[in-house]
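Containing TSV, C-alpha atoms and all ligand atoms: run05.tsv.
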chain	number	residue	atom	x	y	z
A	827	MET	CA	81.84	79.00	43.43
A	828	SER	CA	80.81	75.51	44.48
A	829	GLU	CA	77.18	75.64	43.41
A	830	THR	CA	75.50	78.27	41.24
A	831	SER	CA	73.40	80.69	43.25
A	832	MET	CA	69.64	80.95	42.70
A	833	ILE	CA	69.97	84.75	42.98
A	834	THR	CA	70.29	86.78	39.76
A	835	PRO	CA	71.91	90.23	39.76
A	836	THR	CA	70.65	92.88	37.30
A	837	VAL	CA	74.06	94.60	37.47
A	838	ASP	CA	77.29	93.50	35.78
A	839	PHE	CA	79.97	93.41	38.47
A	840	ASP	CA	82.73	93.59	35.83
A	841	ARG	CA	81.50	96.69	34.01
A	842	ASP	CA	83.11	100.10	34.53
A	843	GLY	CA	81.05	103.01	35.82
A	844	LEU	CA	78.22	103.33	38.32
A	845	GLN	CA	75.25	100.95	38.11
A	846	PHE	CA	72.11	100.60	40.18
A	847	GLY	CA	70.14	97.40	40.19
A	848	ALA	CA	68.87	94.53	42.25
A	849	LEU	CA	69.80	91.09	43.45
A	850	ARG	CA	66.72	89.07	42.53
A	851	VAL	CA	65.91	86.43	45.12
A	852	PRO	CA	63.30	84.00	43.77
A	853	HIS	CA	60.19	84.09	45.93
A	854	SER	CA	57.11	82.25	44.77
A	855	HIS	CA	54.09	82.72	47.00
A	856	ASN	CA	50.31	83.04	46.92
A	857	ARG	CA	50.22	86.55	45.47
A	858	SER	CA	53.23	86.20	43.17
A	859	ALA	CA	53.73	82.87	41.45
A	860	TYR	CA	56.85	83.82	39.46
A	861	GLY	CA	58.02	86.68	41.66
A	862	HIS	CA	61.30	87.70	43.19
A	863	ILE	CA	62.53	89.99	45.96
A	864	PRO	CA	64.67	92.80	44.47
A	865	ILE	CA	67.44	93.64	46.96
A	866	PRO	CA	68.84	97.07	45.95
A	867	VAL	CA	72.54	97.02	44.98
A	868	ALA	CA	74.95	99.61	43.61
A	869	VAL	CA	78.24	98.78	41.89
A	870	ALA	CA	80.89	101.37	41.11
A	871	ARG	CA	83.99	100.37	39.18
A	872	ARG	CA	86.93	102.33	37.81
A	873	GLY	CA	90.62	101.47	37.64
A	874	SER	CA	92.38	98.41	38.97
A	875	GLY	CA	92.25	98.95	42.75
A	876	PRO	CA	90.75	96.56	45.30
A	877	THR	CA	87.12	95.51	45.65
A	878	VAL	CA	85.28	96.53	48.81
A	879	LEU	CA	81.94	94.99	49.78
A	880	LEU	CA	79.87	97.26	52.03
A	881	THR	CA	76.65	95.96	53.59
A	882	GLY	CA	74.00	97.22	56.03
A	883	ALA	CA	70.78	95.88	57.55
A	884	ASN	CA	72.05	92.32	57.76
A	885	HIS	CA	69.61	92.66	60.65
A	886	GLY	CA	66.55	94.52	59.42
A	887	ASP	CA	66.14	96.92	62.35
A	888	GLU	CA	69.56	98.64	62.21
A	889	TYR	CA	69.88	101.94	60.35
A	890	GLU	CA	73.22	103.79	60.57
A	891	GLY	CA	74.78	101.43	58.02
A	892	PRO	CA	72.00	101.73	55.42
A	893	ILE	CA	71.91	105.54	55.66
A	894	GLY	CA	75.71	105.86	55.54
A	895	LEU	CA	75.90	103.56	52.50
A	896	ILE	CA	73.12	105.39	50.62
A	897	ASP	CA	75.03	108.62	51.31
A	898	LEU	CA	78.27	107.09	50.00
A	899	ILE	CA	76.68	106.20	46.65
A	900	ARG	CA	74.61	109.37	46.26
A	901	THR	CA	77.69	111.55	46.76
A	902	LEU	CA	80.16	109.29	44.94
A	903	ASP	CA	82.59	111.04	42.61
A	904	LEU	CA	83.53	108.28	40.18
A	905	GLU	CA	86.64	110.18	39.05
A	906	ARG	CA	88.09	109.63	42.51
A	907	LEU	CA	87.57	105.87	42.49
A	908	ASN	CA	90.32	103.35	41.91
A	909	GLY	CA	88.77	99.91	42.38
A	910	ARG	CA	85.29	98.54	42.86
A	911	LEU	CA	82.59	99.22	45.44
A	912	ILE	CA	79.72	96.77	45.89
A	913	VAL	CA	77.16	98.46	48.11
A	914	ILE	CA	74.08	96.75	49.53
A	915	PRO	CA	72.36	99.08	52.03
A	916	ALA	CA	69.86	96.44	53.21
A	917	LEU	CA	71.22	92.91	52.86
A	918	ASN	CA	68.28	91.24	54.58
A	919	TYR	CA	65.84	93.34	52.57
A	920	PRO	CA	62.60	91.60	53.67
A	921	ALA	CA	63.64	92.08	57.32
A	922	PHE	CA	64.57	95.71	56.60
A	923	LEU	CA	61.14	96.38	55.07
A	924	SER	CA	59.41	94.97	58.14
A	925	ALA	CA	61.81	96.65	60.64
A	926	THR	CA	62.62	93.31	62.23
A	927	ARG	CA	65.87	91.58	63.11
A	928	VAL	CA	64.95	88.34	61.40
A	929	SER	CA	63.19	87.84	58.09
A	930	PRO	CA	59.37	87.92	58.22
A	931	ILE	CA	59.35	85.30	55.44
A	932	ASP	CA	61.24	82.44	57.09
A	933	GLN	CA	61.95	83.83	60.59
A	934	ILE	CA	65.69	83.31	60.00
A	935	ASN	CA	68.43	85.58	61.38
A	936	LEU	CA	70.68	86.14	58.33
A	937	ASN	CA	73.75	86.61	60.52
A	938	ARG	CA	73.25	83.17	62.06
A	939	THR	CA	72.81	81.22	58.85
A	940	PHE	CA	76.12	81.38	56.94
A	941	PRO	CA	77.22	79.63	54.76
A	942	GLY	CA	73.56	79.53	53.77
A	943	LYS	CA	71.99	77.21	51.29
A	944	ARG	CA	71.70	77.45	47.51
A	945	ASN	CA	68.17	76.02	47.39
A	946	GLY	CA	67.13	77.01	50.91
A	947	THR	CA	64.72	79.64	52.20
A	948	VAL	CA	64.94	83.30	51.13
A	949	THR	CA	67.37	84.18	53.95
A	950	GLU	CA	69.47	81.06	53.37
A	951	MET	CA	69.74	81.92	49.66
A	952	ILE	CA	70.95	85.45	50.54
A	953	ALA	CA	73.65	84.04	52.85
A	954	HIS	CA	74.72	81.55	50.18
A	955	TYR	CA	74.99	84.35	47.59
A	956	VAL	CA	77.14	86.49	49.90
A	957	GLU	CA	79.38	83.52	50.72
A	958	SER	CA	79.72	82.04	47.22
A	959	VAL	CA	79.43	85.06	44.89
A	960	LEU	CA	80.03	88.42	46.61
A	961	LEU	CA	82.83	87.61	49.06
A	962	PRO	CA	84.96	85.78	46.46
A	963	MET	CA	85.03	89.08	44.49
A	964	ALA	CA	86.07	91.15	47.54
A	965	ASP	CA	89.41	92.10	49.08
A	966	CYS	CA	87.79	93.85	52.02
A	967	ALA	CA	84.28	93.69	53.47
A	968	ILE	CA	82.56	95.79	56.09
A	969	ASP	CA	79.15	94.90	57.54
A	970	PHE	CA	77.50	97.69	59.56
A	971	HIS	CA	75.38	96.76	62.57
A	972	ALA	CA	73.61	98.36	65.51
A	973	GLY	CA	71.87	96.91	68.53
A	974	GLY	CA	68.56	96.42	66.73
A	975	SER	CA	65.32	96.65	68.67
A	976	SER	CA	66.53	94.95	71.83
A	977	LEU	CA	69.94	96.58	72.43
A	978	ASN	CA	71.55	100.00	72.34
A	979	TYR	CA	75.29	100.50	71.68
A	980	LEU	CA	77.89	103.21	72.08
A	981	PRO	CA	79.11	103.61	68.48
A	982	THR	CA	82.00	101.11	68.27
A	983	LEU	CA	84.06	99.67	65.42
A	984	PHE	CA	84.70	95.92	65.74
A	985	ALA	CA	88.06	94.82	64.36
A	986	PRO	CA	89.61	91.34	64.34
A	987	ARG	CA	92.21	90.30	66.90
A	988	SER	CA	95.45	89.13	65.38
A	989	ASP	CA	98.74	87.74	66.68
A	990	ASP	CA	100.48	88.25	63.34
A	991	ALA	CA	102.74	91.36	63.38
A	992	ALA	CA	102.23	92.33	59.72
A	993	GLU	CA	98.47	91.87	60.00
A	994	ARG	CA	98.40	93.96	63.18
A	995	GLU	CA	100.26	96.77	61.45
A	996	LYS	CA	97.69	96.83	58.63
A	997	LEU	CA	94.89	96.59	61.16
A	998	ASP	CA	96.23	99.51	63.20
A	999	ARG	CA	96.42	101.68	60.09
A	1000	ILE	CA	92.83	100.83	59.15
A	1001	VAL	CA	91.52	101.35	62.68
A	1002	ALA	CA	93.23	104.77	62.77
A	1003	ALA	CA	91.80	105.63	59.34
A	1004	PHE	CA	88.25	104.61	60.31
A	1005	ALA	CA	88.64	106.89	63.35
A	1006	ALA	CA	85.78	105.53	65.47
A	1007	PRO	CA	85.80	106.86	69.04
A	1008	ARG	CA	86.38	103.29	70.22
A	1009	THR	CA	87.34	99.96	68.69
A	1010	LEU	CA	86.58	96.56	70.18
A	1011	PHE	CA	88.99	93.83	69.10
A	1012	ILE	CA	87.10	90.56	68.72
A	1013	ASP	CA	87.28	87.18	67.05
A	1014	GLY	CA	86.03	88.42	63.65
A	1015	GLY	CA	84.71	84.98	62.69
A	1016	ARG	CA	82.27	84.87	65.57
A	1017	ALA	CA	79.31	86.86	66.82
A	1018	MET	CA	79.41	88.37	70.29
A	1019	SER	CA	77.57	85.26	71.45
A	1020	GLY	CA	80.40	83.05	70.16
A	1021	GLU	CA	78.37	81.94	67.14
A	1022	ASP	CA	80.39	81.11	64.03
A	1023	ARG	CA	77.47	81.23	61.56
A	1024	VAL	CA	78.11	84.95	60.96
A	1025	ILE	CA	79.18	86.88	57.87
A	1026	GLY	CA	82.62	87.38	59.45
A	1027	ALA	CA	83.14	83.60	59.34
A	1028	ALA	CA	82.13	83.65	55.66
A	1029	ALA	CA	84.67	86.44	55.03
A	1030	ARG	CA	87.38	84.42	56.75
A	1031	ARG	CA	86.58	81.34	54.64
A	1032	ASN	CA	87.01	83.58	51.58
A	1033	ASN	CA	90.23	85.13	52.90
A	1034	VAL	CA	88.64	88.61	52.89
A	1035	PHE	CA	89.75	91.32	55.33
A	1036	PHE	CA	86.64	91.94	57.43
A	1037	LEU	CA	85.38	94.71	59.71
A	1038	THR	CA	82.07	95.18	61.44
A	1039	GLY	CA	80.74	97.37	64.22
A	1040	GLU	CA	77.79	98.48	66.30
A	1041	PHE	CA	76.79	102.09	65.73
A	1042	GLY	CA	73.59	102.64	67.72
A	1043	GLY	CA	70.44	100.68	68.38
A	1044	GLY	CA	66.91	100.69	69.69
A	1045	ALA	CA	65.62	100.43	66.08
A	1046	SER	CA	66.36	104.15	65.68
A	1047	VAL	CA	69.02	106.32	64.03
A	1048	ASN	CA	71.87	107.30	66.33
A	1049	LEU	CA	73.20	110.60	64.94
A	1050	ASP	CA	76.60	110.18	66.63
A	1051	GLY	CA	76.79	106.65	65.24
A	1052	LEU	CA	75.79	107.83	61.77
A	1053	ALA	CA	78.57	110.44	61.84
A	1054	VAL	CA	81.05	107.71	62.86
A	1055	VAL	CA	79.83	105.50	60.00
A	1056	LYS	CA	80.16	108.28	57.38
A	1057	ARG	CA	83.60	109.38	58.60
A	1058	GLY	CA	84.63	105.73	58.92
A	1059	ILE	CA	83.66	104.82	55.34
A	1060	ALA	CA	85.55	107.85	53.98
A	1061	GLY	CA	88.62	107.06	56.09
A	1062	LEU	CA	88.59	103.34	55.29
A	1063	LEU	CA	88.23	103.83	51.52
A	1064	ALA	CA	90.95	106.50	51.52
A	1065	GLU	CA	93.33	104.24	53.46
A	1066	LEU	CA	92.69	101.33	51.08
A	1067	GLY	CA	93.44	103.65	48.15
A	1068	VAL	CA	90.01	102.94	46.66
A	1069	LEU	CA	88.38	106.37	46.99
A	1070	ALA	CA	90.27	109.65	47.41
A	1071	PRO	CA	88.38	112.04	49.72
A	1072	LYS	CA	86.91	115.20	48.15
A	1073	VAL	CA	88.23	117.31	51.01
A	1074	PRO	CA	91.02	116.36	53.43
A	1075	LEU	CA	89.54	114.29	56.26
A	1076	ALA	CA	89.53	116.00	59.64
A	1077	ALA	CA	92.06	114.65	62.12
A	1078	MET	CA	90.41	112.58	64.83
A	1079	PRO	CA	91.53	111.61	68.34
A	1080	PRO	CA	92.96	108.08	68.66
A	1081	SER	CA	90.38	105.30	68.94
A	1082	ARG	CA	90.05	103.81	72.45
A	1083	ARG	CA	91.18	100.19	72.09
A	1084	LEU	CA	88.99	97.69	73.93
A	1085	VAL	CA	88.70	93.94	74.39
A	1086	MET	CA	86.27	91.63	76.20
A	1087	ASP	CA	87.30	88.86	78.58
A	1088	GLY	CA	84.25	86.64	78.45
A	1089	PRO	CA	81.20	86.01	80.64
A	1090	GLY	CA	82.26	88.52	83.34
A	1091	HIS	CA	81.80	91.37	80.88
A	1092	TYR	CA	78.17	90.40	80.22
A	1093	ALA	CA	75.04	90.71	82.31
A	1094	PHE	CA	72.31	88.17	81.55
A	1095	ALA	CA	68.85	87.96	83.08
A	1096	PRO	CA	68.64	85.02	85.51
A	1097	CYS	CA	64.83	85.20	85.54
A	1098	SER	CA	61.99	86.90	83.72
A	1099	GLY	CA	60.53	90.19	84.90
A	1100	MET	CA	60.94	93.94	84.53
A	1101	PHE	CA	64.57	95.08	84.24
A	1102	GLU	CA	65.51	98.29	86.05
A	1103	PRO	CA	69.05	99.16	84.92
A	1104	ALA	CA	71.62	100.61	87.34
A	1105	PHE	CA	74.03	101.85	84.65
A	1106	ARG	CA	74.12	104.03	81.57
A	1107	LEU	CA	76.01	103.62	78.30
A	1108	GLY	CA	79.58	104.92	78.73
A	1109	ASP	CA	79.68	104.37	82.52
A	1110	GLU	CA	82.96	103.02	83.88
A	1111	ILE	CA	81.89	99.89	85.79
A	1112	SER	CA	83.87	98.11	88.51
A	1113	ALA	CA	83.92	94.33	89.07
A	1114	GLY	CA	80.90	93.23	91.07
A	1115	GLN	CA	78.98	96.43	90.37
A	1116	LEU	CA	75.22	96.21	90.07
A	1117	ALA	CA	73.95	96.07	86.47
A	1118	GLY	CA	70.36	96.37	87.63
A	1119	VAL	CA	67.52	94.54	89.31
A	1120	ILE	CA	64.67	92.44	87.91
A	1121	HIS	CA	61.25	92.98	89.40
A	1122	ASP	CA	58.82	90.10	89.57
A	1123	THR	CA	55.78	90.93	87.44
A	1124	VAL	CA	53.50	88.38	89.13
A	1125	GLN	CA	54.41	89.29	92.71
A	1126	PRO	CA	55.66	92.89	92.29
A	1127	TRP	CA	56.14	93.38	96.07
A	1128	LYS	CA	58.78	90.66	96.16
A	1129	GLU	CA	62.39	91.79	96.64
A	1130	PRO	CA	63.81	92.30	93.10
A	1131	VAL	CA	66.61	90.02	91.86
A	1132	PRO	CA	69.99	91.83	91.58
A	1133	VAL	CA	72.27	91.28	88.55
A	1134	THR	CA	75.95	92.24	88.68
A	1135	PHE	CA	78.85	92.52	86.24
A	1136	GLY	CA	81.65	90.07	87.07
A	1137	ALA	CA	84.48	92.20	85.65
A	1138	ALA	CA	85.39	95.88	85.25
A	1139	GLY	CA	85.06	97.91	82.05
A	1140	VAL	CA	83.18	100.58	80.13
A	1141	ALA	CA	79.47	99.98	79.39
A	1142	LEU	CA	79.21	99.54	75.60
A	1143	CYS	CA	75.75	98.00	75.34
A	1144	ILE	CA	72.46	98.07	77.24
A	1145	ARG	CA	69.11	96.37	76.78
A	1146	THR	CA	66.31	98.61	75.49
A	1147	PHE	CA	63.22	96.58	76.47
A	1148	ALA	CA	62.38	96.64	80.17
A	1149	LEU	CA	60.40	93.38	80.05
A	1150	THR	CA	62.89	90.56	80.14
A	1151	GLU	CA	63.02	86.81	79.96
A	1152	ALA	CA	65.59	84.50	81.55
A	1153	GLY	CA	68.69	84.42	79.35
A	1154	ASP	CA	68.26	87.88	77.79
A	1155	CYS	CA	71.39	90.02	77.47
A	1156	LEU	CA	71.01	93.09	79.70
A	1157	GLY	CA	74.25	94.73	78.61
A	1158	HIS	CA	77.96	94.24	78.19
A	1159	LEU	CA	81.28	95.96	78.87
A	1160	GLY	CA	84.67	96.20	77.23
A	1161	ARG	CA	87.98	96.88	78.98
A	1162	ASP	CA	91.04	98.75	77.77
A	1163	GLU	CA	93.37	96.51	75.78
A	1201	ZN	ZN	73.06	93.44	63.85
Let's see the structure in the file written out as C-alpha cells.
Amino acid sequence: MSETSMITPTVDFDRDGLQFGALRVPHSHNRSAYGHIPIPVAVARRGSGPTVLLTGANHGDEYEGPIGLIDLIRTLDLERLNGRLIVIPALNYPAFLSATRVSPIDQINLNRTFPGKRNGTVTEMIAHYVESVLLPMADCAIDFHAGGSSLNYLPTLFAPRSDDAAEREKLDRIVAAFAAPRTLFIDGGRAMSGEDRVIGAAARRNNVFFLTGEFGGGASVNLDGLAVVKRGIAGLLAELGVLAPKVPLAAMPPSRRLVMDGPGHYAFAPCSGMFEPAFRLGDEISAGQLAGVIHDTVQPWKEPVPVTFGAAGVALCIRTFALTEAGDCLGHLGRDE
C-alpha cells in the first residue's frame, strides 16, 4: 500500500467467519459535517484457500451483479468455504442509490478513474481503496456489469486474452466452469472503448486474475443474465476450490467463444437524431449490413442517415435510448474466435 486510504472498513478482513459491515467513505457536506457514506460489504473467511473479490454496481444502474452477490452471501454455507470472499454488491454506492452510471456526488464514472486518488473526491477515494487495499488481498477478482441505462447486452462473460499456454489452460477451465452461454475474450486491462482507467487495469497492476462481463442492461434486471451470474459465481468458486457447491452443478453447453476486431464491429452515430435500429440482440450480422437509420429531429421529412456495421458477427449489444447524439454507441458485435 503506497498511501493509507481515507476509507475505513468496519469489518476485519483477517477474521474467520462471516461478517457484515461497511466501507466508510468520508463525506462532509452541508447536512452532515462529520458524515461518511457506508458502502455495504460482506467478508467470509474459513480455511487457507484463495481470496476472491466480487463486486457489482461499479456503475450504479446495473443490477444482475448486485442481486447475484446478495444471493451468494444470503445462501452461503460457511462450512463449505475454503478461503476468503470479499463481497461488495454496490461498489459505487452513491451511484447505485441514485440509479445512475456515474456518481451523483462528483459526476465521476468509477470505472474510468483507476487508480483513483487517496485524497480525491468520493469516487476517486473508492477507486484508490480498491486499487491499494482490496486488490492486494485478492487472488481473483470478478466485477459484474450490464449495459446500464444506455445499452442492452446479451449476457456475456468477458475473459482476458492470453498468448501464454499455461494461462490459457487455466482460463479455459474457468470459462468452462462459469458456463456463460458466450464468452468474449478481450484485453482485460481496458474497457470496450480502449480506456485503461478501468478496474481490470487495477487488477493487472496487482497481479490479480480478473474477470468481468455484461449480463443485461437498460437499467433493469435481465432474468437470463441473473441466472448466468448465479450459475457463474457457483461454478467459478467451485473451480477455484473456494466454495464447494451444495448440490452438483448442472452440466452446461460449451460457451460460445467470441472476439472483437475493432471499429468494424461497432456502430456509432455519425449525427444526432432518433435512432431506428435494424437489428436485434443475437442477430447474425454480415459485413456492411445496416445497423439502423438516424432520423433528423429538426427536419423529420429528410432522408434518414444510414449506419452500417463494417464487419460480420453476432449482435451482443444495442443502444436502448432512441434519441442519439453524434458519437453515441448504437451497438456492437463479436465474431467467433
Ligand atoms: Zn458497467
Which residues of chain A come within 12 Å of ligand ZN 1201 (chain A), and for each one, what is the closest pair of atoms and their distance in Å to one decimal, counting only C-alpha atoms and all ligand atoms, sorted by chain and residue number, as JSON lines?
{"residue": "A:Thr881", "atom": "CA", "partner": "A:ZN1201", "partner_atom": "ZN", "distance": 11.2}
{"residue": "A:Gly882", "atom": "CA", "partner": "A:ZN1201", "partner_atom": "ZN", "distance": 8.7}
{"residue": "A:Ala883", "atom": "CA", "partner": "A:ZN1201", "partner_atom": "ZN", "distance": 7.1}
{"residue": "A:Asn884", "atom": "CA", "partner": "A:ZN1201", "partner_atom": "ZN", "distance": 6.3}
{"residue": "A:His885", "atom": "CA", "partner": "A:ZN1201", "partner_atom": "ZN", "distance": 4.8}
{"residue": "A:Gly886", "atom": "CA", "partner": "A:ZN1201", "partner_atom": "ZN", "distance": 7.9}
{"residue": "A:Asp887", "atom": "CA", "partner": "A:ZN1201", "partner_atom": "ZN", "distance": 7.9}
{"residue": "A:Glu888", "atom": "CA", "partner": "A:ZN1201", "partner_atom": "ZN", "distance": 6.5}
{"residue": "A:Tyr889", "atom": "CA", "partner": "A:ZN1201", "partner_atom": "ZN", "distance": 9.7}
{"residue": "A:Glu890", "atom": "CA", "partner": "A:ZN1201", "partner_atom": "ZN", "distance": 10.9}
{"residue": "A:Gly891", "atom": "CA", "partner": "A:ZN1201", "partner_atom": "ZN", "distance": 10.0}
{"residue": "A:Pro892", "atom": "CA", "partner": "A:ZN1201", "partner_atom": "ZN", "distance": 11.9}
{"residue": "A:Ala916", "atom": "CA", "partner": "A:ZN1201", "partner_atom": "ZN", "distance": 11.5}
{"residue": "A:Leu917", "atom": "CA", "partner": "A:ZN1201", "partner_atom": "ZN", "distance": 11.2}
{"residue": "A:Asn918", "atom": "CA", "partner": "A:ZN1201", "partner_atom": "ZN", "distance": 10.7}
{"residue": "A:Ala921", "atom": "CA", "partner": "A:ZN1201", "partner_atom": "ZN", "distance": 11.5}
{"residue": "A:Phe922", "atom": "CA", "partner": "A:ZN1201", "partner_atom": "ZN", "distance": 11.4}
{"residue": "A:Thr926", "atom": "CA", "partner": "A:ZN1201", "partner_atom": "ZN", "distance": 10.6}
{"residue": "A:Arg927", "atom": "CA", "partner": "A:ZN1201", "partner_atom": "ZN", "distance": 7.5}
{"residue": "A:Val928", "atom": "CA", "partner": "A:ZN1201", "partner_atom": "ZN", "distance": 9.9}
{"residue": "A:Asn935", "atom": "CA", "partner": "A:ZN1201", "partner_atom": "ZN", "distance": 9.5}
{"residue": "A:Leu936", "atom": "CA", "partner": "A:ZN1201", "partner_atom": "ZN", "distance": 9.5}
{"residue": "A:Asn937", "atom": "CA", "partner": "A:ZN1201", "partner_atom": "ZN", "distance": 7.6}
{"residue": "A:Arg938", "atom": "CA", "partner": "A:ZN1201", "partner_atom": "ZN", "distance": 10.4}
{"residue": "A:Asp969", "atom": "CA", "partner": "A:ZN1201", "partner_atom": "ZN", "distance": 8.9}
{"residue": "A:Phe970", "atom": "CA", "partner": "A:ZN1201", "partner_atom": "ZN", "distance": 7.5}
{"residue": "A:His971", "atom": "CA", "partner": "A:ZN1201", "partner_atom": "ZN", "distance": 4.2}
{"residue": "A:Ala972", "atom": "CA", "partner": "A:ZN1201", "partner_atom": "ZN", "distance": 5.2}
{"residue": "A:Gly973", "atom": "CA", "partner": "A:ZN1201", "partner_atom": "ZN", "distance": 5.9}
{"residue": "A:Gly974", "atom": "CA", "partner": "A:ZN1201", "partner_atom": "ZN", "distance": 6.1}
{"residue": "A:Ser975", "atom": "CA", "partner": "A:ZN1201", "partner_atom": "ZN", "distance": 9.7}
{"residue": "A:Ser976", "atom": "CA", "partner": "A:ZN1201", "partner_atom": "ZN", "distance": 10.4}
{"residue": "A:Leu977", "atom": "CA", "partner": "A:ZN1201", "partner_atom": "ZN", "distance": 9.7}
{"residue": "A:Asn978", "atom": "CA", "partner": "A:ZN1201", "partner_atom": "ZN", "distance": 10.8}
{"residue": "A:Tyr979", "atom": "CA", "partner": "A:ZN1201", "partner_atom": "ZN", "distance": 10.8}
{"residue": "A:Ala1017", "atom": "CA", "partner": "A:ZN1201", "partner_atom": "ZN", "distance": 9.5}
{"residue": "A:Met1018", "atom": "CA", "partner": "A:ZN1201", "partner_atom": "ZN", "distance": 10.4}
{"residue": "A:Val1024", "atom": "CA", "partner": "A:ZN1201", "partner_atom": "ZN", "distance": 10.3}
{"residue": "A:Ile1025", "atom": "CA", "partner": "A:ZN1201", "partner_atom": "ZN", "distance": 10.8}
{"residue": "A:Thr1038", "atom": "CA", "partner": "A:ZN1201", "partner_atom": "ZN", "distance": 9.5}
{"residue": "A:Gly1039", "atom": "CA", "partner": "A:ZN1201", "partner_atom": "ZN", "distance": 8.6}
{"residue": "A:Glu1040", "atom": "CA", "partner": "A:ZN1201", "partner_atom": "ZN", "distance": 7.3}
{"residue": "A:Phe1041", "atom": "CA", "partner": "A:ZN1201", "partner_atom": "ZN", "distance": 9.6}
{"residue": "A:Gly1042", "atom": "CA", "partner": "A:ZN1201", "partner_atom": "ZN", "distance": 10.0}
{"residue": "A:Gly1043", "atom": "CA", "partner": "A:ZN1201", "partner_atom": "ZN", "distance": 8.9}
{"residue": "A:Gly1044", "atom": "CA", "partner": "A:ZN1201", "partner_atom": "ZN", "distance": 11.2}
{"residue": "A:Ala1045", "atom": "CA", "partner": "A:ZN1201", "partner_atom": "ZN", "distance": 10.4}
* To do: Find the residues near A:Thr877: any atom within 9 Å, counting all atoms listed in the file, skip ones fewer than 5 places away on the same chain, and give them as a PyMOL selection string.
  => chain A and resi 871+909-912+963-967+1068
* Can you tell me, as a list in words, what residues are no more than 9 Å from A:Leu902 when counting only C-alpha atoms, ignoring any on the same chain fewer than 5 positions away? ->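 Neighbouring residues, sequence-local ones excluded: Ala870, Asp897, Leu907 and Leu1069 of chain A.
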Let me see the file: selected residues, C-alpha atoms, as a PDB file, in the frame of the given file.
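Generated file (result37.pdb):
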ATOM      1  CA  ALA A 870      80.890 101.370  41.110  1.00  0.00           C
ATOM      2  CA  ASP A 897      75.030 108.620  51.310  1.00  0.00           C
ATOM      3  CA  LEU A 907      87.570 105.870  42.490  1.00  0.00           C
ATOM      4  CA  LEU A1069      88.380 106.370  46.990  1.00  0.00           C
TER       5      LEU A1069
END
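Between atom CA of A:Asp932 and atom CA of A:Arg1016 the separation is 22.8 Å.
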* If you count all atoms listed in the file, which residues fall within 8 Å of A:Pro835, apart from same-chain ones fewer than 3 positions away, as a list in words? ->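 Using all atoms listed in the file, the neighbours found are Asp838, Gly847, Ala848, Leu849 and Arg850 of chain A.
Among the candidates A:Glu829, A:Ser1019, A:His855, A:Ile968, the residue lying nearest to A:Arg944 is A:Glu829 (atoms considered: only C-alpha atoms).
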* Taking into account all atoms listed in the file, which residue in the set A:Thr947, A:Thr939, A:Thr901, A:Ser1098 is nearest to A:Gly1026? ->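 Of all the options, A:Thr939 lies closest to A:Gly1026.
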* What is the atom CA of A:Ala1113 to atom CA of A:Glu1021 distance in Å? ->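 Interatomic distance here is 25.8 Å.
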* Asked: At what distance in Å, to one decimal, does atom CA of A:Leu898 lie from atom CA of A:Phe839?
  ->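 Between atom CA of A:Phe839 and atom CA of A:Leu898 the gap is 18.0 Å.
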* To do: Find the residues around A:Arg906 up to 6 Å (all atoms listed in the file counted), leave out those fewer than 2 positions away in its own chain, and share them as an MDAnalysis selection string.
  => chainID A and resid 903:904 1069:1070
* **Nearest residue to A:Tyr1092 from the set A:Leu961, A:Ala1137, A:Gly1108, A:Val1124 (distances using all atoms listed in the file)** =>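 Answer, going by the shortest atom-to-atom distance: A:Ala1137.
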* To do: Pick out the closest residue to A:Leu1063 from this set: A:Ile952, A:Leu1075, A:Ser988, A:Arg1030. Count all atoms listed in the file.
  => A:Leu1075
* Asked: So, counting all atoms listed in the file, which residue among A:Ala1152, A:Leu1084, A:Ile914, A:Val956 is closest to A:Leu1010?
  -> A:Leu1084
* **Spatial neighbours of A:Arg1106, max dist 8 Å, only C-alpha atoms, sep filter under 2 positions, as an NGL selection string** => :A and (1103-1104 or 1108-1109 or 1141 or 1144)
* Take the point (77.1, 93.1, 81.6) in the file's coordinates, draw a sphere of radius 8 Å around it, and report as a list in words every protein, DNA or RNA residue with an atom inside or on it, counting all atoms listed in the file. =>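 In the file's frame, the residues around the point are Gly1090, His1091, Tyr1092, Ala1093, Phe1094, Ala1117, Thr1134, Phe1135, Gly1136, Ala1141, Cys1155, Leu1156, Gly1157, His1158 and Leu1159 of chain A.
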Would you give the centre and edge lengths, in Å to one decimal, of a box along x, y and z around the listed atoms of stretch 856-871 of chain A, with 5 Å added to each side, as JSON?
{"center_x": 67.1, "center_y": 92.1, "center_z": 43.1, "size_x": 43.8, "size_y": 28.5, "size_z": 17.8}
* To do: Pick out the closest residue to A:Ile893 from this set: A:Gly946, A:Pro864, A:Pro1079, A:Gly1051. Count all atoms listed in the file.
  => A:Gly1051
